[in-house]
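K.L.:
Sharing protein_7.cif (mmCIF, C-alpha atoms and all ligand atoms) below.
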data_data
#
loop_
_atom_site.label_atom_id
_atom_site.label_comp_id
_atom_site.auth_asym_id
_atom_site.auth_seq_id
_atom_site.Cartn_x
_atom_site.Cartn_y
_atom_site.Cartn_z
CA MET J 1 113.94 130.69 129.84
CA VAL J 2 113.20 128.81 126.63
CA TYR J 3 114.76 125.39 126.26
CA ILE J 4 115.57 124.18 122.76
CA ASN J 5 115.66 120.61 121.56
CA LYS J 6 119.35 119.99 122.34
CA ASN J 7 119.38 117.00 120.01
CA TYR J 8 119.69 119.51 117.19
CA THR J 9 123.14 120.37 118.47
CA ASN J 10 124.18 116.81 117.56
CA LEU J 11 123.44 117.35 113.86
CA THR J 12 126.05 118.30 111.28
CA GLU J 13 126.03 122.03 110.55
CA ASN J 14 124.04 121.71 107.29
CA TYR J 15 121.86 119.14 105.58
CA LEU J 16 124.02 117.41 102.95
CA PHE J 17 122.31 118.85 99.87
CA SER J 18 122.13 122.36 101.35
CA GLU J 19 125.87 122.16 101.98
CA ILE J 20 126.48 121.20 98.35
CA ALA J 21 124.20 124.00 97.12
CA ARG J 22 126.18 126.43 99.30
CA LYS J 23 129.48 125.24 97.83
CA ILE J 24 128.14 125.61 94.28
CA SER J 25 126.98 129.19 94.89
CA GLU J 26 130.34 130.10 96.40
CA TYR J 27 132.14 128.57 93.42
CA SER J 28 129.84 130.35 90.95
CA ALA J 29 130.40 133.66 92.72
CA ARG J 30 134.18 133.17 92.44
CA ASN J 31 133.92 132.02 88.79
CA PRO J 32 131.11 134.02 87.20
CA GLY J 33 129.73 132.71 83.93
CA THR J 34 131.07 129.16 84.44
CA ASP J 35 128.87 126.47 82.91
CA ILE J 36 128.42 124.08 85.82
CA ILE J 37 126.77 120.72 85.16
CA LYS J 38 124.85 119.59 88.22
CA MET J 39 124.70 115.89 88.90
CA GLY J 40 124.55 116.21 92.65
CA ILE J 41 121.06 116.30 94.16
CA GLY J 42 118.69 113.91 92.39
CA ASP J 43 116.56 116.60 90.82
CA VAL J 44 114.81 115.87 87.55
CA THR J 45 115.16 117.95 84.39
CA LEU J 46 112.33 116.74 82.14
CA PRO J 47 109.05 118.63 82.41
CA LEU J 48 105.90 117.01 83.77
CA CYS J 49 104.17 114.67 81.33
CA ASP J 50 101.33 116.04 79.18
CA GLU J 51 98.68 113.99 80.96
CA ALA J 52 99.59 115.48 84.34
CA ILE J 53 99.66 119.01 82.92
CA ARG J 54 96.26 118.56 81.26
CA ALA J 55 94.74 117.20 84.46
CA MET J 56 96.18 120.00 86.58
CA THR J 57 95.03 122.63 84.10
CA ARG J 58 91.49 121.23 84.31
CA ALA J 59 91.77 121.23 88.11
CA VAL J 60 92.85 124.89 88.13
CA SER J 61 89.71 125.79 86.13
CA GLU J 62 87.58 123.80 88.58
CA MET J 63 89.06 125.81 91.43
CA GLY J 64 87.85 129.00 89.70
CA LYS J 65 84.15 128.03 89.75
CA ALA J 66 81.95 127.87 92.83
CA GLU J 67 80.33 124.59 91.72
CA THR J 68 83.63 122.75 91.33
CA PHE J 69 85.79 124.59 93.84
CA HIS J 70 87.62 122.48 96.48
CA GLY J 71 88.50 123.73 99.95
CA TYR J 72 90.07 121.53 102.60
CA GLY J 73 90.50 118.02 101.28
CA PRO J 74 90.86 114.76 103.17
CA GLU J 75 94.27 114.80 104.92
CA GLN J 76 94.99 111.26 103.75
CA GLY J 77 94.28 112.08 100.11
CA TYR J 78 91.28 112.14 97.76
CA ASP J 79 89.61 108.82 96.98
CA PHE J 80 90.23 109.24 93.24
CA LEU J 81 94.00 109.18 93.79
CA ARG J 82 94.01 106.49 96.45
CA GLN J 83 91.98 104.24 94.16
CA LYS J 84 94.58 104.71 91.43
CA ILE J 85 97.45 103.92 93.83
CA ARG J 86 95.54 100.87 95.00
CA SER J 87 95.24 99.63 91.38
CA TYR J 88 98.93 100.36 90.81
CA TYR J 89 99.72 97.89 93.60
CA ALA J 90 96.98 95.45 92.54
CA ASP J 91 98.61 95.24 89.09
CA ARG J 92 101.60 93.80 90.94
CA LYS J 93 99.32 91.43 92.88
CA ILE J 94 99.53 93.44 96.09
CA GLN J 95 96.09 93.95 97.63
CA LEU J 96 95.69 97.10 99.73
CA ASP J 97 92.66 98.73 101.27
CA GLU J 98 92.18 102.35 100.34
CA ASP J 99 92.51 103.44 103.95
CA GLU J 100 95.98 101.90 104.09
CA ILE J 101 97.16 104.50 101.56
CA PHE J 102 98.11 107.99 102.74
CA VAL J 103 98.84 110.64 100.13
CA SER J 104 101.56 113.07 101.16
CA ASP J 105 103.85 115.76 99.80
CA GLY J 106 106.71 113.29 99.38
CA ALA J 107 108.69 110.45 100.91
CA LYS J 108 111.16 112.71 102.72
CA SER J 109 108.46 114.35 104.85
CA ASP J 110 106.77 111.08 105.73
CA LEU J 111 110.05 109.32 106.51
CA GLY J 112 110.75 112.05 109.02
CA ASN J 113 107.20 112.47 110.30
CA ILE J 114 106.53 108.76 110.87
CA LEU J 115 108.87 108.96 113.85
CA ASP J 116 106.15 110.89 115.70
CA ILE J 117 104.27 107.63 116.26
CA PHE J 118 107.26 105.69 117.62
CA GLY J 119 108.71 105.96 121.11
CA LYS J 120 112.11 107.55 121.58
CA GLU J 121 113.35 104.40 123.33
CA ASN J 122 113.29 102.35 120.12
CA ARG J 123 116.67 101.31 118.81
CA VAL J 124 117.21 102.25 115.18
CA LEU J 125 119.15 100.42 112.50
CA ILE J 126 120.18 102.40 109.45
CA PRO J 127 122.30 101.17 106.53
CA ASP J 128 125.54 103.04 105.94
CA PRO J 129 125.78 104.64 103.39
CA VAL J 130 122.19 105.82 102.95
CA TYR J 131 119.87 108.80 102.38
CA PRO J 132 120.84 111.18 105.23
CA VAL J 133 117.25 111.98 106.23
CA TYR J 134 116.92 108.74 108.23
CA VAL J 135 119.89 109.59 110.40
CA ASP J 136 119.18 113.29 110.83
CA THR J 137 115.52 112.82 111.80
CA ASN J 138 116.44 110.23 114.43
CA ILE J 139 119.19 112.45 115.81
CA MET J 140 116.59 115.23 116.13
CA ASP J 141 114.56 112.87 118.32
CA GLY J 142 117.56 111.65 120.30
CA ARG J 143 117.17 107.97 119.37
CA SER J 144 120.04 105.55 119.59
CA ILE J 145 121.23 104.61 116.11
CA SER J 146 123.33 101.68 114.99
CA PHE J 147 124.50 101.15 111.44
CA ALA J 148 124.37 98.20 109.08
CA ASP J 149 127.61 98.39 107.13
CA ALA J 150 127.16 98.36 103.37
CA ASP J 151 130.36 97.92 101.41
CA ARG J 152 131.93 96.28 98.40
CA GLU J 153 132.10 92.95 100.22
CA ASN J 154 128.32 92.68 100.63
CA ASN J 155 127.59 94.50 97.35
CA PHE J 156 126.27 97.39 99.43
CA LEU J 157 123.39 95.20 100.66
CA PRO J 158 123.80 94.50 104.39
CA MET J 159 121.89 91.57 105.86
CA PRO J 160 120.67 90.91 109.42
CA ASN J 161 123.00 88.88 111.63
CA GLU J 162 123.35 87.83 115.27
CA ASN J 163 124.48 91.36 116.18
CA THR J 164 121.41 93.01 114.72
CA HIS J 165 119.19 94.43 117.47
CA ALA J 166 116.73 97.14 116.51
CA GLU J 167 113.06 97.96 116.67
CA LEU J 168 113.08 100.40 113.74
CA ILE J 169 114.88 99.20 110.62
CA TYR J 170 115.36 101.38 107.55
CA ILE J 171 115.71 99.81 104.13
CA CYS J 172 116.05 101.75 100.89
CA SER J 173 115.87 99.62 97.74
CA PRO J 174 116.84 100.57 95.05
CA ASN J 175 119.28 102.20 97.36
CA ASN J 176 120.06 105.86 97.54
CA PRO J 177 123.02 106.42 97.09
CA THR J 178 124.53 103.12 95.89
CA GLY J 179 121.84 101.97 93.46
CA ALA J 180 122.05 98.46 94.97
CA VAL J 181 118.76 96.52 94.96
CA TYR J 182 117.78 93.71 97.34
CA SER J 183 116.65 90.43 95.80
CA ARG J 184 113.39 88.85 96.95
CA SER J 185 115.20 86.30 99.09
CA GLN J 186 117.34 88.99 100.73
CA LEU J 187 114.27 91.08 101.53
CA LYS J 188 112.60 87.93 102.86
CA SER J 189 115.46 87.56 105.36
CA TRP J 190 114.82 91.10 106.59
CA VAL J 191 111.06 90.50 106.81
CA ASP J 192 111.63 87.24 108.73
CA PHE J 193 114.02 89.02 111.05
CA ALA J 194 111.50 91.80 111.71
CA LEU J 195 108.68 89.32 112.33
CA GLN J 196 110.79 87.27 114.73
CA ASN J 197 112.03 90.29 116.65
CA GLY J 198 108.88 92.43 116.63
CA SER J 199 110.60 95.18 114.61
CA VAL J 200 109.17 97.55 112.02
CA ILE J 201 110.79 97.96 108.61
CA LEU J 202 110.55 101.47 107.20
CA PHE J 203 110.90 100.69 103.51
CA ASP J 204 111.81 103.54 101.19
CA ALA J 205 110.67 102.62 97.67
CA ALA J 206 111.19 106.07 96.15
CA TYR J 207 113.19 104.61 93.25
CA GLU J 208 111.03 101.54 92.53
CA SER J 209 110.11 102.70 89.04
CA PHE J 210 113.76 102.50 87.97
CA VAL J 211 113.91 98.75 88.57
CA SER J 212 114.22 97.18 85.13
CA SER J 213 115.00 93.55 86.06
CA PRO J 214 111.66 91.74 86.45
CA ASP J 215 113.05 89.40 89.10
CA LEU J 216 113.82 92.26 91.51
CA PRO J 217 111.15 93.41 93.99
CA ARG J 218 109.75 96.93 93.70
CA SER J 219 107.69 96.83 96.87
CA ILE J 220 108.32 95.19 100.22
CA TYR J 221 104.77 93.82 100.06
CA GLU J 222 105.90 91.44 97.34
CA ILE J 223 107.43 89.56 100.27
CA GLU J 224 105.23 87.28 102.34
CA GLY J 225 104.65 88.58 105.85
CA ALA J 226 105.68 92.18 105.06
CA LYS J 227 102.20 93.51 105.80
CA TYR J 228 102.80 92.52 109.42
CA CYS J 229 106.09 94.36 109.79
CA ALA J 230 106.61 97.04 107.12
CA VAL J 231 105.56 100.57 106.25
CA GLU J 232 106.33 101.60 102.67
CA PHE J 233 107.15 105.12 101.48
CA CYS J 234 106.97 106.14 97.86
CA SER J 235 107.07 109.31 95.85
CA LEU J 236 106.28 110.70 92.43
CA SER J 237 109.34 112.95 92.59
CA LYS J 238 111.65 110.79 90.53
CA THR J 239 108.98 108.56 89.00
CA ALA J 240 106.98 111.37 87.42
CA GLY J 241 109.12 114.48 87.82
CA PHE J 242 107.20 115.82 90.84
CA THR J 243 110.26 117.17 92.71
CA GLY J 244 108.85 120.67 92.47
CA THR J 245 105.17 119.68 92.35
CA ARG J 246 105.23 117.49 95.47
CA CYS J 247 103.25 114.31 95.83
CA GLY J 248 104.03 110.95 97.37
CA TYR J 249 102.31 108.26 99.38
CA THR J 250 102.87 106.03 102.36
CA ILE J 251 101.35 102.60 102.87
CA VAL J 252 100.50 101.69 106.45
CA PRO J 253 98.76 98.29 106.46
CA LYS J 254 96.10 97.79 109.12
CA SER J 255 97.75 94.52 110.05
CA LEU J 256 100.66 96.41 111.64
CA VAL J 257 100.11 96.16 115.38
CA PHE J 258 102.88 97.03 117.84
CA ASP J 259 102.72 97.52 121.57
CA LYS J 260 98.97 96.71 121.19
CA TYR J 261 98.42 99.73 118.91
CA ARG J 262 97.50 99.78 115.24
CA LEU J 263 100.03 101.93 113.37
CA ASN J 264 97.47 102.81 110.72
CA LYS J 265 95.23 104.42 113.34
CA LEU J 266 98.10 106.32 114.94
CA TRP J 267 99.35 107.57 111.57
CA LEU J 268 95.85 108.71 110.59
CA ARG J 269 95.60 110.56 113.90
CA ARG J 270 98.99 112.14 113.33
CA GLN J 271 98.24 113.19 109.75
CA THR J 272 94.76 114.58 110.45
CA THR J 273 96.25 116.69 113.24
CA LYS J 274 99.50 117.90 111.70
CA PHE J 275 99.13 117.63 107.92
CA ASN J 276 96.92 119.73 105.65
CA GLY J 277 96.96 117.28 102.78
CA VAL J 278 98.21 117.72 99.22
CA SER J 279 96.47 120.29 97.06
CA TYR J 280 93.53 119.14 94.92
CA ILE J 281 95.30 120.37 91.78
CA VAL J 282 98.43 118.32 92.45
CA GLN J 283 96.41 115.22 93.34
CA ARG J 284 94.59 115.47 90.02
CA GLY J 285 98.01 115.62 88.31
CA ALA J 286 99.15 112.58 90.29
CA GLU J 287 95.96 110.71 89.39
CA ALA J 288 96.72 111.32 85.70
CA VAL J 289 100.21 109.85 86.13
CA PHE J 290 98.63 106.53 87.17
CA GLY J 291 96.37 106.41 84.09
CA GLU J 292 97.30 104.35 81.02
CA THR J 293 98.60 107.28 78.96
CA GLY J 294 100.26 108.87 81.98
CA GLN J 295 102.12 105.63 82.68
CA LYS J 296 103.36 105.46 79.09
CA GLN J 297 104.54 109.06 79.25
CA ILE J 298 106.41 108.73 82.53
CA LYS J 299 108.00 105.47 81.36
CA ALA J 300 109.37 107.34 78.34
CA ASN J 301 110.90 109.88 80.75
CA ILE J 302 112.41 107.15 82.90
CA ASP J 303 113.90 105.57 79.76
CA TYR J 304 115.44 108.94 78.94
CA TYR J 305 117.16 108.98 82.33
CA ARG J 306 118.23 105.37 81.81
CA GLU J 307 120.09 106.56 78.69
CA ASN J 308 121.95 109.00 80.91
CA ALA J 309 122.82 106.22 83.31
CA LYS J 310 124.27 104.29 80.36
CA LEU J 311 126.34 107.29 79.28
CA ILE J 312 127.77 107.52 82.78
CA THR J 313 128.46 103.82 83.26
CA SER J 314 130.10 103.45 79.84
CA ALA J 315 132.38 106.43 80.56
CA LEU J 316 133.36 104.83 83.88
CA ASP J 317 133.86 101.45 82.19
CA LYS J 318 136.25 103.08 79.72
CA LEU J 319 138.15 104.71 82.55
CA GLY J 320 138.27 101.40 84.43
CA ILE J 321 136.61 102.92 87.50
CA TYR J 322 134.67 100.69 89.89
CA TYR J 323 131.00 101.60 90.36
CA THR J 324 127.65 100.18 91.34
CA GLY J 325 124.12 101.24 90.37
CA GLY J 326 122.93 102.77 87.14
CA LYS J 327 121.03 99.68 86.00
CA ASN J 328 118.01 99.56 88.29
CA SER J 329 118.59 102.98 89.72
CA PRO J 330 119.15 106.59 88.62
CA TYR J 331 122.26 106.77 90.78
CA ILE J 332 125.79 105.71 89.93
CA TRP J 333 128.05 105.11 92.89
CA MET J 334 131.68 105.35 91.79
CA GLU J 335 134.95 104.93 93.56
CA CYS J 336 136.94 108.16 93.75
CA PRO J 337 140.00 107.96 91.51
CA ASP J 338 143.62 108.15 92.70
CA GLY J 339 142.76 107.41 96.32
CA MET J 340 141.04 110.78 96.76
CA ASN J 341 138.53 111.09 99.54
CA SER J 342 134.96 112.05 98.67
CA TRP J 343 135.23 115.80 99.29
CA GLN J 344 138.63 115.99 97.58
CA PHE J 345 137.10 114.45 94.48
CA PHE J 346 134.11 116.80 94.76
CA ASP J 347 136.50 119.79 94.70
CA CYS J 348 138.64 118.25 91.95
CA LEU J 349 135.64 117.59 89.69
CA LEU J 350 134.12 121.00 90.34
CA SER J 351 137.27 122.98 89.74
CA GLY J 352 138.73 120.72 87.02
CA ALA J 353 135.58 119.95 85.01
CA ASN J 354 132.82 122.18 86.42
CA VAL J 355 130.78 119.08 87.21
CA VAL J 356 128.98 118.59 90.53
CA GLY J 357 128.26 115.26 92.18
CA THR J 358 127.60 114.19 95.75
CA PRO J 359 130.47 113.13 98.03
CA GLY J 360 129.87 109.59 99.25
CA SER J 361 130.96 110.44 102.79
CA GLY J 362 127.85 112.63 103.08
CA PHE J 363 125.83 109.39 103.13
CA GLY J 364 127.78 107.79 105.97
CA LYS J 365 131.27 106.70 106.96
CA ASN J 366 131.27 103.78 104.50
CA GLY J 367 130.67 106.27 101.71
CA GLU J 368 134.13 107.76 102.21
CA GLY J 369 136.19 107.35 99.04
CA PHE J 370 133.03 107.12 96.91
CA PHE J 371 131.04 109.60 94.90
CA ARG J 372 127.45 109.66 93.61
CA LEU J 373 126.41 110.88 90.15
CA THR J 374 122.76 111.20 89.13
CA ALA J 375 121.23 110.32 85.78
CA PHE J 376 118.64 113.10 86.07
CA SER J 377 120.38 115.71 83.94
CA THR J 378 119.66 116.16 80.23
CA ASN J 379 121.19 113.74 77.68
CA GLU J 380 123.32 116.56 76.28
CA LYS J 381 124.64 117.72 79.64
CA THR J 382 125.30 114.17 80.81
CA ALA J 383 127.31 113.45 77.64
CA GLU J 384 129.20 116.72 78.10
CA ALA J 385 129.85 115.98 81.77
CA MET J 386 131.23 112.56 80.91
CA GLU J 387 133.53 114.06 78.29
CA ARG J 388 134.80 116.54 80.85
CA LEU J 389 135.23 113.84 83.50
CA SER J 390 137.06 111.57 81.05
CA GLY J 391 139.31 114.45 79.98
CA LEU J 392 140.09 115.25 83.61
CA LEU J 393 140.88 111.67 84.58
CA ALA J 394 142.55 110.48 81.38
C1 LIG J 401 118.86 112.85 96.59
O1 LIG J 401 119.53 113.47 95.76
O2 LIG J 401 119.33 112.01 97.34
C2 LIG J 401 117.41 113.16 96.65
O3 LIG J 401 117.03 113.91 95.57
C3 LIG J 401 117.10 113.89 97.87
C4 LIG J 401 115.64 113.81 98.16
O4 LIG J 401 114.89 113.12 97.47
O5 LIG J 401 115.25 114.45 99.13
#
In structure tokens, what does this structure look like?

P.N.:
Amino acid sequence: MVYINKNYTNLTENYLFSEIARKISEYSARNPGTDIIKMGIGDVTLPLCDEAIRAMTRAVSEMGKAETFHGYGPEQGYDFLRQKIRSYYADRKIQLDEDEIFVSDGAKSDLGNILDIFGKENRVLIPDPVYPVYVDTNIMDGRSISFADADRENNFLPMPNENTHAELIYICSPNNPTGAVYSRSQLKSWVDFALQNGSVILFDAAYESFVSSPDLPRSIYEIEGAKYCAVEFCSLSKTAGFTGTRCGYTIVPKSLVFDKYRLNKLWLRRQTTKFNGVSYIVQRGAEAVFGETGQKQIKANIDYYRENAKLITSALDKLGIYYTGGKNSPYIWMECPDGMNSWQFFDCLLSGANVVGTPGSGFGKNGEGFFRLTAFSTNEKTAEAMERLSGLLA
């Protein structure tokens, strides 16, 4: 008799974005030839920047010659890339050691995998609404989850209070899905809470490069004390268009000690055992992104997406619809019109305008009645989608 992990039976039938993809294929099959504009999953549309392509092309040639061929690489990433990531943080006055940086295939994998090094008995605090991976991966492990309510009243930025009791605390800022960003003093309250209570903050910084206000923090390590309580996850998916190329990184400071164990050592042990590392070719591409020209090129791409965010927010302004996000984030979190619930609005927008977004309720109970649009489409399609949405709701 084989026993399965019964915790899986507590998950929803499908992962949120797979469910949306399924609904789109069904709709397309029923309505062949329909021009659907996808603003659901946060997938980028601009190609990789020239610098990354050049670097990867060179790396492909190297792989074809015995003298420059690369086999297994270091599981935690090549030094050349980790040095670049280190400088990226140093430019923001955050000093890291190279062995505190772990290159990975993206934030989603590491956010799920990091749970391997934490006991199942830890209590987990997850904001609601939020990126569904935090919830699903903890359900898979059978941990007890409580939620920090994010709503209009707290500007979708919940803070710790006397009822907050958790060892593992997830924070995503800029937030997916609401686009809300914690200020330095708000993040300081979370860091202080974690330090006082011996908790770990799992800080998802996947959208840091979209922060445009200089007074807003882009890394938790901008906050004093964070190196004693926080792990940071970041990704080149949205920053540099690596959604299909796959590269990210996780920062595990050596100062993180819990239950007498150094998290950095445990994570290294976990990664060297279970992770093969990111391919040499991709790491060369990622290295190029962190160079001077690469940075200029990816910033131009981010500005392009910011234009889309403006197109979306000005359409919503004209319609008088409440929303958050779009300024320091590629996501716009809008209230569903006419009292529709999230999935009703999803169906209405798909059938009435052939536009796809993500139902807010997929991100948690507080997301009900809200809807997320991404700024990652093309300028033309975003403008067209907003025309269709305005026509539908006018
Ligand atoms: C999203 O749309 O929330 C993200 O693209 C999903 C992800 O990064 O895995």

K.L.:
Which residues sit within 10 Å of ligand LIG 401 (chain J), counting only C-alpha atoms and all ligand atoms, listed as JSON, numbers by chain?

P.N.:
{"J": [16, 17, 39, 40, 41, 42, 43, 44, 106, 107, 108, 109, 130, 131, 132, 133, 175, 176, 177, 206, 207, 235, 237, 238, 243, 330, 331, 357, 358, 363, 372, 373, 374, 376]}

K.L.:
Would you compute the distance between atom CA of J:Asp141 and atom CA of J:Gly225? Give it in Å to one decimal.

P.N.:
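Here the two named atoms are 29.0 Å from each other.
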
K.L.:
With distances taken over only C-alpha atoms, which residue among J:Asn163, J:Ser146, J:Gln283, J:Asn138 lies nearest J:Ala55?

P.N.:
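Among J:Asn163, J:Ser146, J:Gln283, J:Asn138, it is J:Gln283 that comes nearest to J:Ala55.
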
K.L.:
Which value, in Å to one decimal, gives the distance between atom CA of J:Thr239 and atom CA of J:Cys172?

P.N.:
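It comes out at 15.4 Å.
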
K.L.:
Looking at all atoms listed in the file, which of J:Glu51, J:Asp259, J:Glu208, J:Glu13 is the one that sits closest to J:Gly119?

P.N.:
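Counting all atoms listed in the file, the residue closest to J:Gly119 is J:Asp259.
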
K.L.:
Which of these, J:Ile36, J:Leu263, J:Ile281, J:Ala385, has the shortest distance to J:Ala315 once you count all atoms listed in the file?

P.N.:
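Nearest to J:Ala315: J:Ala385.
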
K.L.:
Write out as a list in words each polymer residue whose atoms come within 9 Å of J:Glu222, counting only C-alpha atoms; drop sequence neighbours fewer than 4 positions from it.

P.N.:
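Residues near the query, excluding close chain neighbours: Arg92, Lys93, Ile94, Arg184, Pro217, Arg218 and Ala226 of chain J.
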
K.L.:
May I have the residues from that selection written out with C-alpha atoms, as a PDB file, in the coordinates of the input?

P.N.:
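Just written: again.pdb:
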ATOM      1  CA  ARG J  92     101.600  93.800  90.940  1.00  0.00           C
ATOM      2  CA  LYS J  93      99.320  91.430  92.880  1.00  0.00           C
ATOM      3  CA  ILE J  94      99.530  93.440  96.090  1.00  0.00           C
ATOM      4  CA  ARG J 184     113.390  88.850  96.950  1.00  0.00           C
ATOM      5  CA  PRO J 217     111.150  93.410  93.990  1.00  0.00           C
ATOM      6  CA  ARG J 218     109.750  96.930  93.700  1.00  0.00           C
ATOM      7  CA  ALA J 226     105.680  92.180 105.060  1.00  0.00           C
TER       8      ALA J 226
END

K.L.:
Using only C-alpha atoms, which protein or nucleic acid residues come within 9 Å of J:Ile53? Drop anything in the same chain fewer than 5 positions from it, and give the result as a PDB file with C-alpha atoms, in the coordinates of the input.

P.N.:
ATOM      1  CA  LEU J  48     105.900 117.010  83.770  1.00  0.00           C
ATOM      2  CA  ARG J  58      91.490 121.230  84.310  1.00  0.00           C
ATOM      3  CA  GLY J 285      98.010 115.620  88.310  1.00  0.00           C
ATOM      4  CA  ALA J 288      96.720 111.320  85.700  1.00  0.00           C
TER       5      ALA J 288
END

K.L.:
Interatomic distance between atom CA of J:Ala300 and atom CA of J:Leu202?

P.N.:
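A separation of 29.5 Å between them.
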
K.L.:
Kindly provide, as number ranges by chain, the polymer residues lying within 12 Å of (139.1, 117.1, 91.3), counting all atoms listed in the file and using the coordinates exactly as they appear in the file.

P.N.:
J: 336-357, 359, 371, 388-393

K.L.:
With all atoms of stretch 37-49 of chain J from the file as input, state the centre and edge lengths in Å to one decimal of the axis-aligned box that has 5 Å extra on each side, as lines of an AutoDock Vina configuration file.

P.N.:
center_x = 115.5
center_y = 117.3
center_z = 87.7
size_x = 32.6
size_y = 16.8
size_z = 22.8

K.L.:
Measuring atom to atom with all atoms listed in the file, identify which of J:Phe69, J:Phe242, J:Tyr323, J:Phe210 is nearest to J:Asp303.

P.N.:
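Closest residue, counting all atoms listed in the file: J:Phe210.
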
K.L.:
From the list J:Asp99, J:Met1, J:Asn14, J:Leu46, which residue is nearest J:Tyr304 when using only C-alpha atoms?

P.N.:
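Ranking J:Asp99, J:Met1, J:Asn14, J:Leu46 by distance to J:Tyr304, first place goes to J:Leu46.
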
K.L.:
Excluding stretch 250-257 of chain J and its own-chain neighbours fewer than 6 positions away, which residues fall within 6 Å of it when counting only C-alpha atoms? Please give them as an MDAnalysis selection string.

P.N.:
chainID J and resid 100:102 227:228 231:233 263:264

K.L.:
Taking into account all atoms listed in the file, which residue in the set J:Lys38, J:Gln83, J:Arg262, J:Ser104 is nearest to J:Phe118?

P.N.:
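For J:Phe118, the nearest of the candidates is J:Arg262.
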